[in-house]
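Asks: This structure is in structure tokens; I'll ask about it shortly.
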Amino acid sequence: MTGRPPAPGRKLRRVRFASNAGFWLLAIPLALFIAFIVYLSGYLFRNGVSVLSWTFLTQAPAEGMTAGGIWPCIVGTVLVTFVSLVFSVPIGVFSAIYLAEYAPNNLLTRAIRSSVRSLAGVPSIVYGLFGVALFVSAMKLGLSILASGLTLGLMNLPWIIATAEEAISAIPGSFREGALALGATKWEAIRHNVLPYAFPGILTGILLALARTLGETAPILFTGVTYYTKQLPTSLSSKFMALPYHLFTLATQHDRILEVRPLAFGTAIVLLVFVLLFDAVAFVFRLRSAGSNKWQV
Amino acid sequence: MPASNKPAEVSGTPPQGRTGTGQPRLRLRKLTDKSAGVLFWVNSLLSAVILLGILAFLLYYGVRTFRETPVVGFLFGTKWNPDAYGEPSYGIIPLLVGSFLTTLIALLIAVPAGIAGAIVISERLKGWVRVTVKTMVELFAGFPSVVLGFFGLVVLAPLIARVFHVPSGLNLLNAGVLLGLMSLPTIISVTDDALRVVPHSYREAAYALGATPWTTAFRIVLPAARSGILAAVMLGFGRAVGETMVVLMVAGNAAIIPHSLFDPIRTITSTIAIELGESAFGSTHFYALFALGFVLFLIALGTNLVAESLIRREKRSFTL
Amino acid sequence: MTQTKIAIDKLNLWFGDNHVLKDVTFGIPPNAVTAIMGPSGCGKSTLLRTINRMNDLILGTRVTGDIVIDGESIFADSTDVIDLRKRVGMVFQKPNPFPKSIYENIAFGPRIHKMGGRADIQQRVERALRAANLWDEVKDRLHDNAFSLSGGQQQRLCTARCLSVEPEILLLDEPASALDPNSTARLEELIRQLKKDYTVVIVTHNMQQAARASDWCAFLMLGEIVEFDRTGRIFTKPRDQRTEDFLSGRFG
């Protein structure tokens with residue numbers, strides 16, 4: 001929508017008043033929603049900020065989780081997310097390149113594209129089930145970072161393919177044609193004339209997928225996350241602790257629930273900050289690169 | 001996708017003549033080109049295989065349930081009690097009802113609020129206000145579900161217990177409200193997209209006739225976008241029905257058919273999450289959970305595919 | 001001395017820093033067809049869209065000067081834009097029917113302006129379609145989708161849609177540019193009929209069309225009115241050299 005609605009006259013007709021009033025009415029649920037978002041964030045920070053400290057972030061839990069910190073959780077979350085991206089980013093981006101640049105424009109390709117997007121909407125617990133069946137038992141990876149990481153990677157994969165493919169398809173055909181007309185091979189045209197311009201979009205997609213993966217609990221529940229480990233994970237086959245699961249157990253499973261509640265708030269804040277950080281970076285990135293898209297008039 | 005984005009392959013030999021250093025370089029370039037193509041093709045095939053594999057796996061494991069218990073009992077049984085001594089029952093109905101009811105409550109909240117919000121965002125808000133509102137909505141969409149579940153546990157449950165004079169706030173209502181909040185961003189974004197795809201010329205024609213923005217929005221834009229809006233509702237449904245952690249933490253965890261908003265319930269998702277750790281690997285119980293997962297997968301996939309086609313249909317309706 | 005329905009007085013318009021209309025001053029007489037002609041990009045459409053304040057919808061527009069319709073300025077605080085747009089109808093360059101049935105397209109205007117009950121609206125629809133020379137062609141398929149009509153029919157539909165709210169003034173923005181010669185001829189015939197009851201202003205870059213269809217003609221170039229006079233006289237004895245150059249095809 002390009003401009004503002006008609007400028008009001010001093011003697012507003014009933015019609016105009018009704019129109020504006022209507023929009024104000026519609027805006028109420030939206031305003032309430034925004035207010036809730038602000039309230040929720042404020043509530044969490046207010047209740048957990050007392051627990052936050054350098055020691056909280058860098059020490060392991062102690063005394064049955066009623067004291068100490070969440071360092072192993074941070075490590076575990078970072079590791080498992082990293083593993084998932086190592087798996088899903090290359091496969092995802094390369095698949096997206098294939099779909100956008102090489103696949104013929106026929107029914108099969110359209111079906112694949114549609115399926116990929118639909119798979120992005122499959123519940124995360126289903127991936128968890130699959131992870132148990134395939135990675136934990138069939139591939140004998142056991143409960144481990146690797147199993148959880150691969151499970152999360154599977155969950156990521158459709159998201160990354162979908163966003164990367166969109167970013168690549170958005171590049172005008174004329175870019176490719178110009179390169180080919182000068183005698184470039186197809187791959188050279190893609191590498192020099194398409195990917196650099198699609199890169200911001202692809203990166204934004206990856207960052208958003210990363211942010212979402214950080215907070216996921218269901219896929220890791222039965223593939224490797226654990227309540228407590230004495231030491232940090234030593235290898236890819238170790239069990240691990242993770243922020244979302246830690247929050248879950250502190251909130252629901254601990255025998256001294258009320259006592260550890262502040263720690264739960266602290267964990268919630270740390271998790272939220274991680275997620276929002278990556279989201280914010282992705283947004284800023286998207287805004288900045290949208291501004292410099294000279295070919296998008 | 002426009003065909004022009006897909007140029008033809010480079011083929012043939014370069015013209016003879018003054019190109020000089022051409023040949024070995026060209027062979028290398030062509031080899032790289034071929035390899036790149038193969039690499040991408042293989043990855044894409046891998047993706048397709050993986051994604052199909054999930055479907056197959058779930059089906060394979062799920063079907064094993066029915067070696068011990070009849071399909072009919074699964075699909076139509078009203079008792080889910082896999083650990084019952086002697087006579088375990090695997091009826092999916094209470095879980096389906098739980099999923100369905102929580103999603104219903106969620107949509108009752110999220111659909112009106114979401115569509116209203118999207119209309120305001122798309123047809124009225126401009127500039128930095130619009131960007132801020134959209135960003136906040138999208139940021140909320142990224143809130144981990146455990147955090148929301150935690151909120152439901154710590155704030156919403158006591159609130160419900162106090163306001164409605166019930167012993168526990170961990171129930172259908174709590175889960176429904178939270179799921180509604182979680183679906184709101186989806187419904188808002190997809191509806192906003194659907195409204196913005198409506199050609200501006202429709203609005204212009206209406207304004208030129210002396211219509212107010214409200215009339216234009218409701219009489220012209222909204223009806224034109226109805227397929228897209230329906231898609232938004234379906235995607236919101238998919239989001240709500242697939243949510244696990246929130247339900248796990250606030251829905252009360254009882255595999256019964258509820259008689260009121262304040263009864264505890266289980267959904268398909270929370271059942272899988274709770275029982276997968278408890279069931280013995282390879283037992284009927286274990287396989288039954290996969291059968292549940294398969295049902296969930298079908299529901300989610302089906303909803304998404306329909307939503308996709310609705311969005312495509314809306315886009316096509318403007319290119320007559 | 002002819003009357004003036006629309007008096008445009010020293011109208012200036014900027015899109016941001018772009019000075020698009022410069023001191024435009026002339027008077028549009030009632031019950032006649034006035035053509036605004038000129039080379040592409042000289043501001044004709046912008047001028048037209050200012051008369052019904054459609055330019056308000058574009059961010060960054062700035063206007064000085066005045067447009068007075070029947071003695072009242074359209075920019076006054078007391079002017080209601082909604083009412084203005086009911087009195088001043090517009091047909092766009094590219095036909096833009098609503099994605100509804102033929103009947104619903106025409107009924108939309110009267111409905112939102114609450115011009116009567118169901119029977120009234122039915123009458124208005126028929127009257128409008130007859131006035132637009134479209135009734136005979138669509139009377140048996142009023143509930144078909146508007147997009148099933150041909151381009152020329154769609155344009156007449158959009159005209160009928162304007163007429164259904166009983167405007168006094170009709171603004172036509174290059175209405176025939178998307179149409180084939182036959183449809184164009186029928187549209188021009190319609191325009192000639194309409195001037196009996198309405199004040200018609202038509203923008204065109206096709207000077208033959210201006211010569212055929214209009215009584216008065218304003219020649220606009222680079223945002224300035226070069227000449228304004230009766231069509232017959234402008235085409236036979238143009239006063240300004242630029243007008244003569246345009247008419248003889250020295251630039252388009």
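A note on labels: chains of the structure tokens are A, B, ... as shown, every chain counts residues from 1, and ligands are counted from 1 in their shown order.
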Which residues are close to Lys114 in chain C, i.e. within 12 Å by only C-alpha atoms, leaving aside same-chain residues fewer than 2 positions away? Reply as a JSON list (two decimals) with N, CA and C atoms, in the first residue's frame.

Replies:
```json
[["chain", "number", "residue", "atom", "x", "y", "z"],
["A", 15, "VAL", "N", -19.59, 8.39, 7.82],
["A", 15, "VAL", "CA", -18.95, 7.26, 7.14],
["A", 15, "VAL", "C", -17.47, 7.19, 7.46],
["B", 210, "GLY", "N", -15.15, 6.55, -4.09],
["B", 210, "GLY", "CA", -15.53, 7.18, -2.84],
["B", 210, "GLY", "C", -15.68, 6.21, -1.68],
["B", 211, "ALA", "N", -15.03, 5.06, -1.78],
["B", 211, "ALA", "CA", -15.11, 4.12, -0.66],
["B", 211, "ALA", "C", -14.09, 4.50, 0.40],
["C", 86, "LYS", "N", -17.20, 10.72, -4.90],
["C", 86, "LYS", "CA", -18.50, 10.24, -5.39],
["C", 86, "LYS", "C", -18.95, 11.16, -6.52],
["C", 107, "ALA", "N", -23.07, -2.63, -8.51],
["C", 107, "ALA", "CA", -23.85, -2.40, -7.30],
["C", 107, "ALA", "C", -22.98, -1.90, -6.15],
["C", 108, "PHE", "N", -21.69, -2.13, -6.23],
["C", 108, "PHE", "CA", -20.78, -1.78, -5.12],
["C", 108, "PHE", "C", -20.91, -0.31, -4.72],
["C", 109, "GLY", "N", -20.80, 0.58, -5.69],
["C", 109, "GLY", "CA", -20.84, 2.01, -5.40],
["C", 109, "GLY", "C", -22.11, 2.43, -4.69],
["C", 110, "PRO", "N", -23.29, 2.18, -5.32],
["C", 110, "PRO", "CA", -24.54, 2.56, -4.66],
["C", 110, "PRO", "C", -24.68, 1.94, -3.27],
["C", 111, "ARG", "N", -24.21, 0.70, -3.13],
["C", 111, "ARG", "CA", -24.35, 0.06, -1.81],
["C", 111, "ARG", "C", -23.58, 0.81, -0.75],
["C", 112, "ILE", "N", -22.30, 1.11, -1.05],
["C", 112, "ILE", "CA", -21.52, 1.71, 0.03],
["C", 112, "ILE", "C", -21.96, 3.15, 0.31],
["C", 116, "GLY", "N", -30.15, 3.47, -1.43],
["C", 116, "GLY", "CA", -31.42, 2.79, -1.63],
["C", 116, "GLY", "C", -31.39, 1.31, -1.34],
["C", 117, "GLY", "N", -32.57, 0.71, -1.37],
["C", 117, "GLY", "CA", -32.73, -0.71, -1.08],
["C", 117, "GLY", "C", -32.47, -1.56, -2.30],
["C", 118, "ARG", "N", -32.79, -2.83, -2.20],
["C", 118, "ARG", "CA", -32.43, -3.77, -3.27],
["C", 118, "ARG", "C", -33.04, -3.39, -4.60],
["C", 120, "ASP", "N", -34.05, -0.44, -5.61],
["C", 120, "ASP", "CA", -33.40, 0.78, -6.09],
["C", 120, "ASP", "C", -32.08, 0.44, -6.76],
["C", 121, "ILE", "N", -31.33, -0.39, -6.10],
["C", 121, "ILE", "CA", -29.99, -0.70, -6.61],
["C", 121, "ILE", "C", -30.10, -1.43, -7.93],
["C", 164, "SER", "N", -22.78, 4.66, -11.78],
["C", 164, "SER", "CA", -23.80, 4.17, -10.84],
["C", 164, "SER", "C", -23.90, 5.03, -9.59],
["C", 165, "VAL", "N", -22.87, 5.79, -9.26],
["C", 165, "VAL", "CA", -22.98, 6.63, -8.07],
["C", 165, "VAL", "C", -23.38, 8.07, -8.44]]
```

Asks: Determine, for each residue of chain C having at least one atom at most 10 Å from an atom of chain B, the closest pair of atoms and their separation in Å to one decimal, counting only C-alpha atoms; order by chain and ascending number, as a tab-separated table.

Replies:
```
residue	atom	partner	partner_atom	distance
C:Arg49	CA	B:Ala208	CA	9.5
C:Asn52	CA	B:Ala208	CA	7.6
C:Arg53	CA	B:Ala208	CA	8.9
C:Met54	CA	B:Ala208	CA	7.1
C:Leu57	CA	B:Glu204	CA	9.1
C:Asp80	CA	B:Gly210	CA	9.9
C:Val81	CA	B:Gly210	CA	7.5
C:Ile82	CA	B:Gly210	CA	4.6
C:Asp83	CA	B:Gly210	CA	6.4
C:Leu84	CA	B:Gly210	CA	7.3
C:Arg85	CA	B:Gly210	CA	4.6
C:Lys86	CA	B:Gly210	CA	5.0
C:Arg87	CA	B:Gly210	CA	8.5
C:Val88	CA	B:Ala208	CA	8.2
C:Gly89	CA	B:Leu209	CA	6.4
C:Met90	CA	B:Ala208	CA	6.1
C:Val91	CA	B:Ala205	CA	8.2
C:Phe92	CA	B:Ala205	CA	8.0
C:Lys94	CA	B:Ser201	CA	8.9
C:Pro95	CA	B:Ser201	CA	9.0
C:Asn96	CA	B:Ser201	CA	6.2
C:Pro97	CA	B:Tyr202	CA	7.2
C:Phe98	CA	B:Tyr202	CA	6.0
C:Pro99	CA	B:Ala224	CA	6.8
C:Lys100	CA	B:Ala224	CA	8.8
C:Phe108	CA	B:Arg219	CA	8.6
C:Gly109	CA	B:Leu209	CA	6.3
C:Pro110	CA	B:Leu209	CA	9.5
C:Ile112	CA	B:Ala211	CA	6.9
C:His113	CA	B:Ala211	CA	8.0
C:Phe147	CA	B:Leu320	CA	7.2
C:Ser148	CA	B:Leu320	CA	9.3
C:Cys158	CA	B:Ala205	CA	8.7
C:Arg161	CA	B:Leu209	CA	8.2
C:Cys162	CA	B:Leu209	CA	6.6
C:Leu163	CA	B:Leu209	CA	9.6
C:Ser164	CA	B:Leu209	CA	9.5
C:Val165	CA	B:Leu209	CA	7.6
C:Pro167	CA	B:Leu209	CA	9.4
```

Asks: With only C-alpha atoms as the atoms that count, which of B:Glu68, B:Asp192, B:Asp263, B:Glu243 lies nearest to chain A?

Replies: B:Glu243

Asks: Could you check the closest approach to chain B for each of A:Val270, A:Val275, A:Leu141, A:Ile74 and tell me which residue wins, using only C-alpha atoms?

Replies: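 Using only C-alpha atoms, the shortest distance to chain B belongs to A:Val275.
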
Asks: What residues in chain C lie within 6 Å of chain A, counting only C-alpha atoms, written as number ranges by chain?

Replies: C: 57-59, 77-80

Asks: Any chance you could list, as a PyMOL selection string, the residues in range 57-160 of chain C that come up alpha helix (DSSP H) when DSSP is run on the backbone?

Replies: chain C and resi 81-87+102-112+118-131+135-138+151-160

Asks: Store the residues picked out above in a file with N, CA and C atoms, as a short mmCIF file (atom, residue, chain, number, x, y, z; two decimals), in the first residue's frame.

Replies:
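See result-v3.cif below for the written result:
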```cif
data_model
loop_
_atom_site.label_atom_id
_atom_site.label_comp_id
_atom_site.auth_asym_id
_atom_site.auth_seq_id
_atom_site.Cartn_x
_atom_site.Cartn_y
_atom_site.Cartn_z
N VAL C 81 -13.32 14.25 1.23
CA VAL C 81 -12.77 13.59 0.05
C VAL C 81 -13.66 12.45 -0.44
N ILE C 82 -14.28 11.75 0.52
CA ILE C 82 -15.15 10.63 0.12
C ILE C 82 -16.26 11.16 -0.78
N ASP C 83 -16.85 12.29 -0.36
CA ASP C 83 -17.94 12.86 -1.14
C ASP C 83 -17.42 13.38 -2.48
N LEU C 84 -16.23 13.96 -2.45
CA LEU C 84 -15.64 14.44 -3.69
C LEU C 84 -15.53 13.32 -4.71
N ARG C 85 -15.06 12.17 -4.22
CA ARG C 85 -14.84 11.07 -5.16
C ARG C 85 -16.14 10.47 -5.64
N LYS C 86 -17.20 10.72 -4.90
CA LYS C 86 -18.50 10.24 -5.39
C LYS C 86 -18.95 11.16 -6.52
N ARG C 87 -18.65 12.43 -6.38
CA ARG C 87 -19.10 13.39 -7.39
C ARG C 87 -18.19 13.40 -8.61
N ILE C 102 -20.57 -9.11 -12.70
CA ILE C 102 -20.86 -7.84 -13.37
C ILE C 102 -21.81 -7.02 -12.52
N TYR C 103 -22.86 -7.67 -12.06
CA TYR C 103 -23.85 -6.97 -11.24
C TYR C 103 -23.21 -6.39 -9.99
N GLU C 104 -22.43 -7.22 -9.30
CA GLU C 104 -21.83 -6.78 -8.05
C GLU C 104 -20.87 -5.62 -8.25
N ASN C 105 -20.18 -5.61 -9.40
CA ASN C 105 -19.27 -4.50 -9.68
C ASN C 105 -20.01 -3.18 -9.70
N ILE C 106 -21.15 -3.17 -10.40
CA ILE C 106 -21.90 -1.91 -10.51
C ILE C 106 -22.62 -1.59 -9.21
N ALA C 107 -23.07 -2.63 -8.51
CA ALA C 107 -23.85 -2.40 -7.30
C ALA C 107 -22.98 -1.90 -6.15
N PHE C 108 -21.69 -2.13 -6.23
CA PHE C 108 -20.78 -1.78 -5.12
C PHE C 108 -20.91 -0.31 -4.72
N GLY C 109 -20.80 0.58 -5.69
CA GLY C 109 -20.84 2.01 -5.40
C GLY C 109 -22.11 2.43 -4.69
N PRO C 110 -23.29 2.18 -5.32
CA PRO C 110 -24.54 2.56 -4.66
C PRO C 110 -24.68 1.94 -3.27
N ARG C 111 -24.21 0.70 -3.13
CA ARG C 111 -24.35 0.06 -1.81
C ARG C 111 -23.58 0.81 -0.75
N ILE C 112 -22.30 1.11 -1.05
CA ILE C 112 -21.52 1.71 0.03
C ILE C 112 -21.96 3.15 0.31
N ARG C 118 -32.79 -2.83 -2.20
CA ARG C 118 -32.43 -3.77 -3.27
C ARG C 118 -33.04 -3.39 -4.60
N ALA C 119 -34.31 -3.01 -4.57
CA ALA C 119 -34.97 -2.67 -5.84
C ALA C 119 -34.33 -1.43 -6.46
N ASP C 120 -34.05 -0.44 -5.61
CA ASP C 120 -33.40 0.78 -6.09
C ASP C 120 -32.08 0.44 -6.76
N ILE C 121 -31.33 -0.39 -6.10
CA ILE C 121 -29.99 -0.70 -6.61
C ILE C 121 -30.10 -1.43 -7.93
N GLN C 122 -31.04 -2.33 -8.02
CA GLN C 122 -31.23 -3.03 -9.29
C GLN C 122 -31.48 -2.05 -10.42
N GLN C 123 -32.32 -1.05 -10.13
CA GLN C 123 -32.60 -0.04 -11.15
C GLN C 123 -31.35 0.74 -11.51
N ARG C 124 -30.60 1.09 -10.49
CA ARG C 124 -29.40 1.87 -10.75
C ARG C 124 -28.43 1.10 -11.62
N VAL C 125 -28.31 -0.19 -11.32
CA VAL C 125 -27.38 -1.02 -12.10
C VAL C 125 -27.79 -1.01 -13.56
N GLU C 126 -29.09 -1.19 -13.79
CA GLU C 126 -29.53 -1.24 -15.19
C GLU C 126 -29.30 0.11 -15.86
N ARG C 127 -29.63 1.19 -15.11
CA ARG C 127 -29.46 2.53 -15.70
C ARG C 127 -28.00 2.77 -16.06
N ALA C 128 -27.14 2.41 -15.15
CA ALA C 128 -25.71 2.65 -15.40
C ALA C 128 -25.22 1.84 -16.59
N LEU C 129 -25.62 0.58 -16.66
CA LEU C 129 -25.18 -0.25 -17.77
C LEU C 129 -25.73 0.25 -19.09
N ARG C 130 -26.97 0.77 -19.06
CA ARG C 130 -27.50 1.33 -20.31
C ARG C 130 -26.73 2.58 -20.70
N ALA C 131 -26.48 3.42 -19.70
CA ALA C 131 -25.76 4.67 -20.01
C ALA C 131 -24.37 4.39 -20.56
N TRP C 135 -25.58 -2.53 -21.54
CA TRP C 135 -26.70 -3.32 -21.03
C TRP C 135 -27.08 -4.47 -21.95
N ASP C 136 -27.23 -4.17 -23.23
CA ASP C 136 -27.70 -5.21 -24.13
C ASP C 136 -26.75 -6.40 -24.18
N GLU C 137 -25.48 -6.12 -24.02
CA GLU C 137 -24.51 -7.21 -24.12
C GLU C 137 -24.43 -8.08 -22.87
N VAL C 138 -24.83 -7.52 -21.74
CA VAL C 138 -24.63 -8.30 -20.51
C VAL C 138 -25.91 -8.62 -19.77
N GLY C 151 -11.77 -6.79 -23.15
CA GLY C 151 -11.15 -5.57 -22.65
C GLY C 151 -12.03 -4.35 -22.83
N GLY C 152 -12.59 -4.23 -24.02
CA GLY C 152 -13.46 -3.07 -24.29
C GLY C 152 -14.70 -3.09 -23.40
N GLN C 153 -15.26 -4.29 -23.24
CA GLN C 153 -16.44 -4.40 -22.38
C GLN C 153 -16.08 -4.08 -20.92
N GLN C 154 -14.90 -4.54 -20.49
CA GLN C 154 -14.50 -4.26 -19.12
C GLN C 154 -14.36 -2.76 -18.89
N GLN C 155 -13.85 -2.09 -19.90
CA GLN C 155 -13.69 -0.64 -19.75
C GLN C 155 -15.04 0.04 -19.68
N ARG C 156 -15.99 -0.44 -20.45
CA ARG C 156 -17.33 0.13 -20.36
C ARG C 156 -17.97 -0.23 -19.03
N LEU C 157 -17.62 -1.41 -18.52
CA LEU C 157 -18.11 -1.81 -17.20
C LEU C 157 -17.60 -0.84 -16.15
N CYS C 158 -16.31 -0.52 -16.24
CA CYS C 158 -15.73 0.42 -15.27
C CYS C 158 -16.40 1.78 -15.39
N THR C 159 -16.74 2.15 -16.62
CA THR C 159 -17.45 3.41 -16.81
C THR C 159 -18.82 3.34 -16.15
N ALA C 160 -19.51 2.23 -16.38
CA ALA C 160 -20.84 2.07 -15.78
C ALA C 160 -20.74 2.11 -14.27
#
```

Asks: Residues of chain A within 6 Å of chain B, counting only C-alpha atoms, what are they? List them as a list in words.

Replies: Ser19, Leu26, Pro29, Leu30, Ile91, Phe94, Ser95, Tyr98, Glu101, Ser118, Val122, Pro123, Val126, Gly173, Thr185, Trp187 and Gly215 of chain A

Asks: Save out the residues we just selected, N, CA and C atoms, as an mmCIF file, in the first residue's frame.

Replies:
```
data_model
loop_
_atom_site.group_PDB
_atom_site.id
_atom_site.type_symbol
_atom_site.label_atom_id
_atom_site.label_comp_id
_atom_site.auth_asym_id
_atom_site.auth_seq_id
_atom_site.Cartn_x
_atom_site.Cartn_y
_atom_site.Cartn_z
ATOM 1 N N SER A 19 -15.345 4.326 9.479
ATOM 2 C CA SER A 19 -14.196 3.637 8.922
ATOM 3 C C SER A 19 -13.029 3.647 9.894
ATOM 4 N N LEU A 26 -10.452 -3.089 15.292
ATOM 5 C CA LEU A 26 -9.673 -4.227 14.838
ATOM 6 C C LEU A 26 -8.281 -4.241 15.455
ATOM 7 N N PRO A 29 -7.185 -6.306 19.414
ATOM 8 C CA PRO A 29 -6.499 -7.578 19.676
ATOM 9 C C PRO A 29 -4.999 -7.491 19.378
ATOM 10 N N LEU A 30 -4.655 -6.776 18.319
ATOM 11 C CA LEU A 30 -3.243 -6.654 17.956
ATOM 12 C C LEU A 30 -2.484 -5.932 19.057
ATOM 13 N N ILE A 91 23.845 -29.823 2.720
ATOM 14 C CA ILE A 91 22.856 -30.583 1.955
ATOM 15 C C ILE A 91 21.701 -29.670 1.550
ATOM 16 N N PHE A 94 22.828 -26.931 -1.142
ATOM 17 C CA PHE A 94 23.087 -27.562 -2.448
ATOM 18 C C PHE A 94 21.790 -28.060 -3.073
ATOM 19 N N SER A 95 20.927 -28.642 -2.242
ATOM 20 C CA SER A 95 19.643 -29.088 -2.785
ATOM 21 C C SER A 95 18.851 -27.906 -3.306
ATOM 22 N N TYR A 98 20.099 -26.913 -6.590
ATOM 23 C CA TYR A 98 19.612 -27.818 -7.630
ATOM 24 C C TYR A 98 18.173 -27.489 -7.994
ATOM 25 N N GLU A 101 18.032 -24.053 -9.842
ATOM 26 C CA GLU A 101 18.786 -23.795 -11.063
ATOM 27 C C GLU A 101 18.809 -24.931 -12.058
ATOM 28 N N SER A 118 6.027 -28.284 2.889
ATOM 29 C CA SER A 118 5.091 -28.888 3.833
ATOM 30 C C SER A 118 5.828 -29.602 4.950
ATOM 31 N N VAL A 122 6.057 -30.034 9.690
ATOM 32 C CA VAL A 122 5.827 -31.267 10.444
ATOM 33 C C VAL A 122 6.270 -31.065 11.888
ATOM 34 N N PRO A 123 5.486 -31.546 12.846
ATOM 35 C CA PRO A 123 5.806 -31.309 14.255
ATOM 36 C C PRO A 123 7.164 -31.875 14.643
ATOM 37 N N VAL A 126 7.723 -35.530 15.820
ATOM 38 C CA VAL A 126 7.784 -36.583 14.811
ATOM 39 C C VAL A 126 9.229 -36.825 14.390
ATOM 40 N N GLY A 173 16.440 -13.574 -13.912
ATOM 41 C CA GLY A 173 17.058 -14.434 -14.914
ATOM 42 C C GLY A 173 18.116 -13.716 -15.728
ATOM 43 N N THR A 185 30.331 -21.092 -18.034
ATOM 44 C CA THR A 185 29.589 -22.335 -17.871
ATOM 45 C C THR A 185 28.447 -22.065 -16.898
ATOM 46 N N TRP A 187 27.734 -23.445 -14.073
ATOM 47 C CA TRP A 187 28.177 -23.322 -12.700
ATOM 48 C C TRP A 187 28.857 -21.977 -12.458
ATOM 49 N N GLY A 215 16.025 -23.540 20.474
ATOM 50 C CA GLY A 215 14.997 -23.674 21.490
ATOM 51 C C GLY A 215 14.214 -24.968 21.437
#
```

Asks: Report, in Å to a single decimal, how far apart CA of Ile191 in chain C and CA of Arg212 in chain C are.

Replies: 10.7 Å

Asks: Select from range 18-244 of chain C everything DSSP, run on the backbone, classes as strand (DSSP E), then give the selection as a ChimeraX atom specification.

Replies: /C:18-28,33-37,61-69,72-73,88-91,169-173,199-204,216-221,224-230

Asks: In terms of the shortest atom-to-atom distance over only C-alpha atoms, which of C:Thr46, C:Asn206, C:Thr34, C:Ala132 is closest to Leu11 in chain C?

Replies: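 Ranking C:Thr46, C:Asn206, C:Thr34, C:Ala132 by distance to Leu11 in chain C, first place goes to C:Thr46.
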
Asks: Interatomic distance between CA of Glu166 in chain C and CA of Ala76 in chain C?

Replies: 22.6 Å

Asks: What's around Gln208 in chain C at 10 Å? Count only C-alpha atoms, leave out sequence neighbours fewer than 4 positions away in its own chain, and write the answer as a count of residues only.

Replies: 5

Asks: Set the distance at 9 Å and use only C-alpha atoms: which residues neighbour Ala167 in chain A once local chain neighbours fewer than 6 positions away are removed? I'd like the list as a PyMOL selection string.

Replies: chain A and resi 197-202+205

Asks: Could those residues be written to a file, using N, CA and C atoms, as an mmCIF file, in the first residue's frame?

Replies:
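Wrote part.cif, looks like this:
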```
data_model
loop_
_atom_site.group_PDB
_atom_site.id
_atom_site.type_symbol
_atom_site.label_atom_id
_atom_site.label_comp_id
_atom_site.auth_asym_id
_atom_site.auth_seq_id
_atom_site.Cartn_x
_atom_site.Cartn_y
_atom_site.Cartn_z
ATOM 1 N N TYR A 197 24.541 -12.723 -4.811
ATOM 2 C CA TYR A 197 23.379 -11.876 -4.548
ATOM 3 C C TYR A 197 22.343 -12.594 -3.698
ATOM 4 N N ALA A 198 22.347 -13.904 -3.801
ATOM 5 C CA ALA A 198 21.383 -14.668 -3.003
ATOM 6 C C ALA A 198 21.907 -14.919 -1.608
ATOM 7 N N PHE A 199 23.208 -14.696 -1.444
ATOM 8 C CA PHE A 199 23.840 -15.031 -0.169
ATOM 9 C C PHE A 199 23.145 -14.409 1.043
ATOM 10 N N PRO A 200 22.819 -13.109 1.030
ATOM 11 C CA PRO A 200 22.155 -12.554 2.212
ATOM 12 C C PRO A 200 20.875 -13.295 2.566
ATOM 13 N N GLY A 201 20.093 -13.605 1.539
ATOM 14 C CA GLY A 201 18.842 -14.313 1.805
ATOM 15 C C GLY A 201 19.086 -15.683 2.384
ATOM 16 N N ILE A 202 20.082 -16.377 1.840
ATOM 17 C CA ILE A 202 20.397 -17.717 2.330
ATOM 18 C C ILE A 202 20.882 -17.633 3.770
ATOM 19 N N GLY A 205 18.129 -17.081 6.182
ATOM 20 C CA GLY A 205 17.402 -18.320 6.409
ATOM 21 C C GLY A 205 18.119 -19.228 7.382
#
```

Asks: Extract, using only C-alpha atoms, all DNA, RNA and protein residues at most 7 Å from Gly69 in chain A, discarding same-chain residues fewer than 2 positions from it, and format them as an NGL selection string.

Replies: :A and (55-61 or 67 or 71)
